[in-house]
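Undergrad: One file: target31.cif (mmCIF, C-alpha atoms).
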data_my_file
loop_
_atom_site.group_PDB
_atom_site.id
_atom_site.type_symbol
_atom_site.label_atom_id
_atom_site.label_comp_id
_atom_site.auth_asym_id
_atom_site.auth_seq_id
_atom_site.Cartn_x
_atom_site.Cartn_y
_atom_site.Cartn_z
ATOM 1 C CA MET H 1 80.198 80.174 81.664
ATOM 2 C CA ALA H 2 78.549 78.793 84.808
ATOM 3 C CA ILE H 3 81.360 80.221 86.931
ATOM 4 C CA LEU H 4 80.920 83.635 85.301
ATOM 5 C CA THR H 5 77.174 83.590 85.931
ATOM 6 C CA ARG H 6 77.741 82.516 89.543
ATOM 7 C CA THR H 7 80.272 85.339 89.928
ATOM 8 C CA TRP H 8 77.773 87.840 88.484
ATOM 9 C CA THR H 9 75.102 86.610 90.925
ATOM 10 C CA ILE H 10 77.515 87.015 93.860
ATOM 11 C CA LEU H 11 78.456 90.534 92.726
ATOM 12 C CA VAL H 12 74.825 91.640 92.386
ATOM 13 C CA LEU H 13 73.840 90.104 95.740
ATOM 14 C CA LEU H 14 76.818 91.689 97.520
ATOM 15 C CA THR H 15 75.949 95.064 95.973
ATOM 16 C CA ALA H 16 72.444 94.687 97.382
ATOM 17 C CA VAL H 17 73.920 93.778 100.809
ATOM 18 C CA SER H 18 76.233 96.819 100.684
ATOM 19 C CA LEU H 19 73.312 99.033 99.744
ATOM 20 C CA TRP H 20 71.311 97.607 102.648
ATOM 21 C CA ALA H 21 74.213 98.006 105.103
ATOM 22 C CA GLY H 22 74.800 101.584 103.951
ATOM 23 C CA ARG H 23 71.120 102.547 103.695
ATOM 24 C CA GLY H 24 69.337 105.038 105.861
ATOM 25 C CA GLY H 25 68.566 108.674 105.879
ATOM 26 C CA SER H 26 70.908 111.569 106.132
ATOM 27 C CA GLY H 27 72.189 110.878 109.613
ATOM 28 C CA GLY H 28 73.780 108.040 111.491
ATOM 29 C CA SER H 29 77.250 106.637 111.313
ATOM 30 C CA LEU H 30 77.637 103.080 110.045
ATOM 31 C CA GLY H 31 79.941 102.365 112.971
ATOM 32 C CA PRO H 32 83.055 100.190 112.712
ATOM 33 C CA LEU H 33 81.048 96.977 112.179
ATOM 34 C CA GLY H 34 78.920 98.394 109.356
ATOM 35 C CA ALA H 35 81.898 100.120 107.738
ATOM 36 C CA GLY H 36 83.940 96.923 108.019
ATOM 37 C CA LEU H 37 81.099 94.912 106.447
ATOM 38 C CA VAL H 38 80.741 97.353 103.536
ATOM 39 C CA LEU H 39 84.510 97.419 102.912
ATOM 40 C CA ALA H 40 84.849 93.620 103.228
ATOM 41 C CA ALA H 41 82.030 93.148 100.695
ATOM 42 C CA ALA H 42 83.750 95.575 98.291
ATOM 43 C CA ASN H 43 87.066 93.779 98.709
ATOM 44 C CA PHE H 44 85.496 90.385 98.064
ATOM 45 C CA LYS H 45 83.740 91.740 94.969
ATOM 46 C CA ALA H 46 87.036 93.144 93.664
ATOM 47 C CA ASP H 47 88.680 89.753 94.243
ATOM 48 C CA GLN H 48 85.877 87.986 92.364
ATOM 49 C CA ILE H 49 86.306 90.372 89.402
ATOM 50 C CA LEU H 50 90.070 89.766 89.359
ATOM 51 C CA THR H 51 89.783 86.008 89.682
ATOM 52 C CA HIS H 52 86.895 85.213 87.363
ATOM 53 C CA TYR H 53 86.141 88.197 85.089
ATOM 54 C CA LEU H 54 89.817 89.096 84.552
ATOM 55 C CA ASP H 55 90.649 85.381 84.679
ATOM 56 C CA LEU H 56 93.648 85.959 86.905
ATOM 57 C CA GLN H 57 93.483 82.324 87.983
ATOM 58 C CA ARG H 58 95.109 81.541 84.614
ATOM 59 C CA ALA H 59 98.134 83.695 85.437
ATOM 60 C CA GLU H 60 101.033 82.749 87.704
ATOM 61 C CA SER H 61 99.803 82.526 91.294
ATOM 62 C CA GLY H 62 102.045 85.410 92.358
ATOM 63 C CA TRP H 63 99.885 87.898 90.436
ATOM 64 C CA ARG H 64 96.714 86.929 92.234
ATOM 65 C CA THR H 65 98.534 87.117 95.564
ATOM 66 C CA LEU H 66 99.960 90.546 94.675
ATOM 67 C CA PHE H 67 96.545 91.972 93.778
ATOM 68 C CA ARG H 68 94.979 90.427 96.886
ATOM 69 C CA VAL H 69 97.680 91.935 99.112
ATOM 70 C CA LEU H 70 97.262 95.363 97.460
ATOM 71 C CA LEU H 71 93.468 95.295 97.838
ATOM 72 C CA THR H 72 93.708 94.121 101.456
ATOM 73 C CA LEU H 73 96.230 96.858 102.293
ATOM 74 C CA LEU H 74 94.005 99.481 100.663
ATOM 75 C CA GLY H 75 90.903 98.253 102.499
ATOM 76 C CA ALA H 76 92.744 98.037 105.835
ATOM 77 C CA THR H 77 94.178 101.551 105.389
ATOM 78 C CA ILE H 78 90.761 103.058 104.639
ATOM 79 C CA PHE H 79 89.157 101.165 107.524
ATOM 80 C CA GLY H 80 91.973 102.296 109.855
ATOM 81 C CA ILE H 81 91.497 105.954 108.858
ATOM 82 C CA TYR H 82 87.718 105.584 109.291
ATOM 83 C CA ALA H 83 88.144 104.006 112.739
ATOM 84 C CA LEU H 84 90.610 106.704 113.818
ATOM 85 C CA SER H 85 88.561 109.653 112.521
ATOM 86 C CA PRO H 86 86.773 110.342 115.875
ATOM 87 C CA MET H 87 90.195 110.614 117.547
ATOM 88 C CA ILE H 88 91.500 112.862 114.772
ATOM 89 C CA GLY H 89 88.397 115.052 115.114
ATOM 90 C CA ALA H 90 88.829 115.225 118.907
ATOM 91 C CA ALA H 91 92.501 116.138 118.555
ATOM 92 C CA LEU H 92 91.633 119.002 116.203
ATOM 93 C CA ARG H 93 89.066 120.493 118.598
ATOM 94 C CA MET E 1 86.089 85.348 61.847
ATOM 95 C CA SER E 2 88.876 82.818 61.965
ATOM 96 C CA HIS E 3 89.787 80.691 64.960
ATOM 97 C CA ASP E 4 93.275 79.511 64.355
ATOM 98 C CA ALA E 5 96.275 78.507 66.392
ATOM 99 C CA GLU E 6 96.129 81.665 68.526
ATOM 100 C CA GLU E 7 93.438 80.015 70.663
ATOM 101 C CA HIS E 8 96.001 77.505 71.859
ATOM 102 C CA LEU E 9 98.694 79.986 72.792
ATOM 103 C CA PRO E 10 99.506 80.698 76.432
ATOM 104 C CA ALA E 11 97.853 83.641 78.196
ATOM 105 C CA GLY E 12 99.072 86.854 76.651
ATOM 106 C CA GLY E 13 98.689 85.379 73.203
ATOM 107 C CA VAL E 14 102.426 85.222 72.550
ATOM 108 C CA SER E 15 104.210 82.027 71.671
ATOM 109 C CA PRO E 16 107.533 81.574 73.494
ATOM 110 C CA ASP E 17 109.445 81.201 70.262
ATOM 111 C CA ASP E 18 107.721 83.601 67.864
ATOM 112 C CA GLY E 19 110.266 86.359 68.330
ATOM 113 C CA ALA E 20 107.904 88.610 70.331
ATOM 114 C CA ALA E 21 109.175 90.615 73.292
ATOM 115 C CA ASP E 22 109.729 88.686 76.491
ATOM 116 C CA TRP E 23 107.577 90.355 79.152
ATOM 117 C CA GLY E 24 108.820 88.096 81.944
ATOM 118 C CA PRO E 25 106.198 87.506 84.658
ATOM 119 C CA LEU E 26 103.732 89.794 82.799
ATOM 120 C CA SER E 27 103.568 87.213 79.987
ATOM 121 C CA SER E 28 101.356 84.940 82.072
ATOM 122 C CA LEU E 29 98.613 87.599 82.341
ATOM 123 C CA PRO E 30 95.648 87.554 79.903
ATOM 124 C CA GLY E 31 95.837 90.107 77.074
ATOM 125 C CA ASN E 32 98.637 92.514 76.219
ATOM 126 C CA PRO E 33 101.128 93.013 79.093
ATOM 127 C CA MET E 34 101.138 96.794 78.440
ATOM 128 C CA MET E 35 97.496 96.870 79.507
ATOM 129 C CA TRP E 36 98.460 95.327 82.851
ATOM 130 C CA ILE E 37 101.077 98.010 83.413
ATOM 131 C CA LEU E 38 98.283 100.539 82.803
ATOM 132 C CA ILE E 39 95.959 98.637 85.154
ATOM 133 C CA LEU E 40 98.556 98.649 87.949
ATOM 134 C CA GLY E 41 99.115 102.390 87.401
ATOM 135 C CA GLU E 42 95.377 103.133 87.432
ATOM 136 C CA LEU E 43 94.845 101.096 90.590
ATOM 137 C CA ALA E 44 97.675 103.007 92.276
ATOM 138 C CA ALA E 45 96.195 106.372 91.172
ATOM 139 C CA PHE E 46 92.662 105.538 92.316
ATOM 140 C CA GLY E 47 93.989 103.890 95.491
ATOM 141 C CA ALA E 48 95.790 107.137 96.372
ATOM 142 C CA MET E 49 92.565 109.087 95.710
ATOM 143 C CA PHE E 50 90.567 106.738 97.957
ATOM 144 C CA VAL E 51 93.077 107.121 100.804
ATOM 145 C CA GLY E 52 93.124 110.905 100.250
ATOM 146 C CA PHE E 53 89.322 110.967 100.417
ATOM 147 C CA ALA E 54 89.338 108.963 103.680
ATOM 148 C CA VAL E 55 91.947 111.298 105.213
ATOM 149 C CA ALA E 56 89.972 114.398 104.141
ATOM 150 C CA ARG E 57 86.834 112.892 105.691
ATOM 151 C CA ALA E 58 88.679 112.166 108.945
ATOM 152 C CA PHE E 59 89.505 115.885 109.267
ATOM 153 C CA ASP E 60 85.934 117.055 108.633
ATOM 154 C CA PRO E 61 83.464 114.176 109.121
ATOM 155 C CA VAL E 62 80.481 116.477 109.775
ATOM 156 C CA THR E 63 80.732 118.234 106.388
ATOM 157 C CA PHE E 64 81.535 114.975 104.576
ATOM 158 C CA ASP E 65 78.631 113.061 106.123
ATOM 159 C CA ALA E 66 76.155 115.899 105.487
ATOM 160 C CA SER E 67 77.374 116.200 101.878
ATOM 161 C CA GLN E 68 77.271 112.441 101.317
ATOM 162 C CA ALA E 69 73.626 112.444 102.416
ATOM 163 C CA GLN E 70 72.926 114.544 99.297
ATOM 164 C CA LEU E 71 74.066 111.664 97.066
ATOM 165 C CA ASP E 72 71.632 109.087 95.723
ATOM 166 C CA ARG E 73 72.867 105.773 97.140
ATOM 167 C CA LEU E 74 70.260 103.829 95.189
ATOM 168 C CA LEU E 75 71.417 105.253 91.850
ATOM 169 C CA GLY E 76 75.028 104.492 92.822
ATOM 170 C CA GLY E 77 74.039 100.907 93.686
ATOM 171 C CA LEU E 78 72.080 100.606 90.444
ATOM 172 C CA ASN E 79 75.147 101.756 88.518
ATOM 173 C CA THR E 80 77.244 99.115 90.312
ATOM 174 C CA MET E 81 74.829 96.442 89.122
ATOM 175 C CA VAL E 82 74.875 97.894 85.587
ATOM 176 C CA LEU E 83 78.669 97.795 85.483
ATOM 177 C CA VAL E 84 79.100 94.279 86.940
ATOM 178 C CA THR E 85 76.498 93.036 84.444
ATOM 179 C CA SER E 86 78.423 94.708 81.630
ATOM 180 C CA GLY E 87 81.628 93.073 82.943
ATOM 181 C CA TRP E 88 79.864 89.695 82.931
ATOM 182 C CA LEU E 89 78.867 90.176 79.277
ATOM 183 C CA VAL E 90 82.472 91.036 78.331
ATOM 184 C CA ALA E 91 83.812 87.983 80.186
ATOM 185 C CA VAL E 92 81.197 85.814 78.440
ATOM 186 C CA ALA E 93 82.186 87.322 75.060
ATOM 187 C CA VAL E 94 85.865 86.440 75.635
ATOM 188 C CA ARG E 95 84.995 82.842 76.600
ATOM 189 C CA ARG E 96 82.769 82.547 73.524
ATOM 190 C CA ARG E 97 85.586 83.922 71.373
ATOM 191 C CA VAL E 98 87.943 81.274 72.778
ATOM 192 C CA SER E 99 85.495 78.493 71.944
ATOM 193 C CA GLY E 100 84.803 79.894 68.453
ATOM 194 C CA ARG E 101 81.220 80.988 69.086
ATOM 195 C CA SER E 102 79.564 84.296 68.235
ATOM 196 C CA HIS E 103 80.537 86.970 70.735
ATOM 197 C CA ARG E 104 79.619 90.304 69.147
ATOM 198 C CA LEU E 105 76.116 90.504 70.634
ATOM 199 C CA ALA E 106 77.542 90.161 74.161
ATOM 200 C CA MET E 107 80.091 92.903 73.420
ATOM 201 C CA ILE E 108 77.401 95.221 72.029
ATOM 202 C CA GLY E 109 75.301 94.555 75.141
ATOM 203 C CA ALA E 110 78.299 95.386 77.345
ATOM 204 C CA MET E 111 78.876 98.672 75.498
ATOM 205 C CA ALA E 112 75.181 99.541 75.752
ATOM 206 C CA LEU E 113 75.305 98.993 79.520
ATOM 207 C CA GLY E 114 78.389 101.219 79.647
ATOM 208 C CA GLY E 115 76.200 103.852 77.988
ATOM 209 C CA VAL E 116 73.489 103.263 80.616
ATOM 210 C CA PHE E 117 76.107 103.803 83.348
ATOM 211 C CA LEU E 118 77.087 107.157 81.829
ATOM 212 C CA ALA E 119 73.434 108.161 81.395
ATOM 213 C CA VAL E 120 72.713 107.425 85.075
ATOM 214 C CA LYS E 121 75.836 109.397 85.995
ATOM 215 C CA ALA E 122 74.612 112.328 83.884
ATOM 216 C CA VAL E 123 71.252 112.220 85.710
ATOM 217 C CA GLU E 124 73.125 112.267 89.019
ATOM 218 C CA TYR E 125 75.323 115.193 88.004
ATOM 219 C CA GLY E 126 72.316 117.077 86.634
ATOM 220 C CA ASP E 127 70.477 116.640 89.917
ATOM 221 C CA LYS E 128 73.464 117.794 91.990
ATOM 222 C CA ILE E 129 74.224 120.806 89.810
ATOM 223 C CA GLY E 130 70.515 121.698 89.733
ATOM 224 C CA ARG E 131 70.569 121.850 93.524
ATOM 225 C CA GLY E 132 73.670 124.048 93.527
ATOM 226 C CA LEU E 133 76.029 121.254 94.601
ATOM 227 C CA THR E 134 79.069 121.952 92.457
ATOM 228 C CA LEU E 135 82.854 121.750 92.592
ATOM 229 C CA GLU E 136 82.831 124.978 94.574
ATOM 230 C CA THR E 137 80.459 123.735 97.291
ATOM 231 C CA ASN E 138 83.066 122.072 99.521
ATOM 232 C CA LEU E 139 85.949 119.580 99.544
ATOM 233 C CA PHE E 140 83.591 116.586 99.549
ATOM 234 C CA PHE E 141 81.998 117.642 96.266
ATOM 235 C CA GLN E 142 85.387 118.546 94.760
ATOM 236 C CA LEU E 143 86.571 115.001 95.468
ATOM 237 C CA TYR E 144 83.211 113.493 94.435
ATOM 238 C CA TYR E 145 83.330 115.160 91.015
ATOM 239 C CA LEU E 146 87.057 114.473 90.629
ATOM 240 C CA MET E 147 86.859 110.745 91.413
ATOM 241 C CA THR E 148 83.532 109.911 89.758
ATOM 242 C CA GLY E 149 84.347 112.165 86.775
ATOM 243 C CA PHE E 150 87.767 110.568 86.301
ATOM 244 C CA HIS E 151 86.121 107.157 86.498
ATOM 245 C CA ALA E 152 83.369 108.172 84.035
ATOM 246 C CA MET E 153 86.107 109.235 81.581
ATOM 247 C CA HIS E 154 87.518 105.705 81.896
ATOM 248 C CA VAL E 155 84.052 104.261 81.200
ATOM 249 C CA ALA E 156 83.771 106.396 78.053
ATOM 250 C CA ALA E 157 87.268 105.343 76.952
ATOM 251 C CA GLY E 158 86.389 101.727 77.778
ATOM 252 C CA ILE E 159 83.323 101.815 75.515
ATOM 253 C CA VAL E 160 85.540 103.015 72.642
ATOM 254 C CA ILE E 161 88.128 100.285 73.395
ATOM 255 C CA LEU E 162 85.389 97.610 73.508
ATOM 256 C CA GLY E 163 84.144 98.870 70.133
ATOM 257 C CA ILE E 164 87.645 98.604 68.658
ATOM 258 C CA VAL E 165 88.257 95.059 69.941
ATOM 259 C CA THR E 166 84.766 93.977 68.830
ATOM 260 C CA TRP E 167 85.745 94.995 65.304
ATOM 261 C CA TRP E 168 89.361 93.725 65.395
ATOM 262 C CA ASP E 169 88.536 90.654 67.421
ATOM 263 C CA SER E 170 91.743 88.637 67.744
ATOM 264 C CA LEU E 171 91.849 86.806 71.063
ATOM 265 C CA GLU E 172 94.663 89.015 72.356
ATOM 266 C CA ASN E 173 92.725 92.170 71.418
ATOM 267 C CA MET E 174 89.585 90.846 73.100
ATOM 268 C CA GLU E 175 91.467 89.930 76.275
ATOM 269 C CA THR E 176 93.227 93.302 76.329
ATOM 270 C CA GLY E 177 89.994 95.272 75.913
ATOM 271 C CA ALA E 178 88.280 93.056 78.489
ATOM 272 C CA ALA E 179 91.121 93.646 80.985
ATOM 273 C CA PHE E 180 90.628 97.431 80.698
ATOM 274 C CA TRP E 181 86.851 97.113 81.133
ATOM 275 C CA HIS E 182 87.163 94.867 84.190
ATOM 276 C CA MET E 183 89.642 97.343 85.702
ATOM 277 C CA VAL E 184 87.009 100.089 85.257
ATOM 278 C CA ASP E 185 84.459 97.741 86.862
ATOM 279 C CA LEU E 186 86.780 96.911 89.773
ATOM 280 C CA ILE E 187 87.536 100.583 90.527
ATOM 281 C CA TRP E 188 83.816 101.439 90.687
ATOM 282 C CA VAL E 189 83.175 98.482 93.008
ATOM 283 C CA LEU E 190 85.689 100.083 95.429
ATOM 284 C CA LEU E 191 84.693 103.718 94.778
ATOM 285 C CA TYR E 192 80.970 103.242 95.399
ATOM 286 C CA PRO E 193 81.141 102.203 99.084
ATOM 287 C CA ILE E 194 83.908 104.685 99.922
ATOM 288 C CA VAL E 195 82.154 107.733 98.437
ATOM 289 C CA TYR E 196 78.459 106.799 98.741
ATOM 290 C CA LEU E 197 78.152 104.522 101.776
ATOM 291 C CA MET E 198 80.922 104.977 104.374
ATOM 292 C CA ARG E 199 79.944 107.457 107.073
#
Hey, can you dump this file as structure tokens for me?

TA:
Amino acid sequence: MAILTRTWTILVLLTAVSLWAGRGGSGGSLGPLGAGLVLAAANFKADQILTHYLDLQRAESGWRTLFRVLLTLLGATIFGIYALSPMIGAALR
Amino acid sequence: MSHDAEEHLPAGGVSPDDGAADWGPLSSLPGNPMMWILILGELAAFGAMFVGFAVARAFDPVTFDASQAQLDRLLGGLNTMVLVTSGWLVAVAVRRRVSGRSHRLAMIGAMALGGVFLAVKAVEYGDKIGRGLTLETNLFFQLYYLMTGFHAMHVAAGIVILGIVTWWDSLENMETGAAFWHMVDLIWVLLYPIVYLMR
């Protein structure tokens, strides 16, 4: 139970950090650092949910590795598209 | 509620020699292996939507960023906290079930928080529609309604599933229902920053 409560605390704190990193008014890009921070926090939260809430640590280690690889690939792909978007926009103009 | 030998079975709730289907590597996962096939499928579907959203944004960042500014980031963040708290209650309920303690109150609390999530979502939708921001506004709002609406349908289905496994509360049922709920939780944790925060 203590691990679950610690996990919940981490998830709530990271949500607050993400909200802070992504705050602001209507304008202003987060920039690669801010976007990377927000995505990394989301990825870590997803990993915590898989490991402790879903109790994937009980399963064969290959499952946890598979989910971690999938989440990392997804995060890296979205970050890559985000980082490349100014170039894509320039190419379209 | 009885707490019999099922508590001592391996993850998946199936004894190796009880004649049940052999799910191979899936047998080591908590709950019914069919649920994990669904979870993998759902993650693939939402993952494709997230990548599609990022690509669409890359082609028109001005419209996407201006549209995203119309969203309420605080309400989105609040809903994240509501859902991770609900997930915590479900995880606690499963652990209490394993150790033979009362778990129904935690499950009812989790379902109630699922209802809070949907209520907050309804407030959000009402605000957007009231301001004329609908599916027809632009591609951002089409994708916003598609992704958050599809997720909200999963939350509604999840509340029903939690209700069923609260009533028929074998350990395997509880773990299976919990796996679905945590999948819904996990998808929102990824959806929120991509749709509400990244710009």

Undergrad: Could you spell out the hits of the PyMOL selection byres ((chain H) within 8 of (chain E)) on the shown file, as an MDAnalysis selection string?

TA: chainID H and resid 1 4:5 8 11:12 15:16 18:19 22:23 25:31 35 38:39 42:43 45:46 49:50 53:56 58:60 74 77:78 81:82 84:86 88:89 92

Undergrad: Between atom CA of E:Thr134 and atom CA of E:Met147, what is the distance, to one decimal in Å?

TA: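 Straight-line distance from atom CA of E:Thr134 to atom CA of E:Met147 works out to 13.7 Å.
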
Undergrad: Mind checking which residues fall within 7 Å of E:Val155, counting all atoms listed in the file, ignoring those fewer than 4 positions away in the same chain, and posting them as a list in words?

TA: Gly114, His151, Ile159 and Val184 of chain E

Undergrad: From the list E:Gly115, E:Gly126, E:Gly24, E:Gly132, which residue is nearest E:Ala157 when using all atoms listed in the file?

TA: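 For E:Ala157, the nearest of the candidates is E:Gly115.
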
Undergrad: Box for stretch 2-15 of chain H: with edges along x, y and z, all listed atoms inside and 8 Å added on each side, what are the centre and edge lengths in Å to one decimal, as lines of an AutoDock Vina configuration file?

TA:
center_x = 77.6
center_y = 86.9
center_z = 91.2
size_x = 23.5
size_y = 32.3
size_z = 28.7

Undergrad: Using only C-alpha atoms, which of E:Leu38, E:Ile161, E:Leu171, E:Leu75 sits nearest E:Phe117?

TA: E:Leu75

Undergrad: Any idea what the distance is between atom CA of E:Leu139 and atom CA of H:Ala90?

TA: 20.1 Å
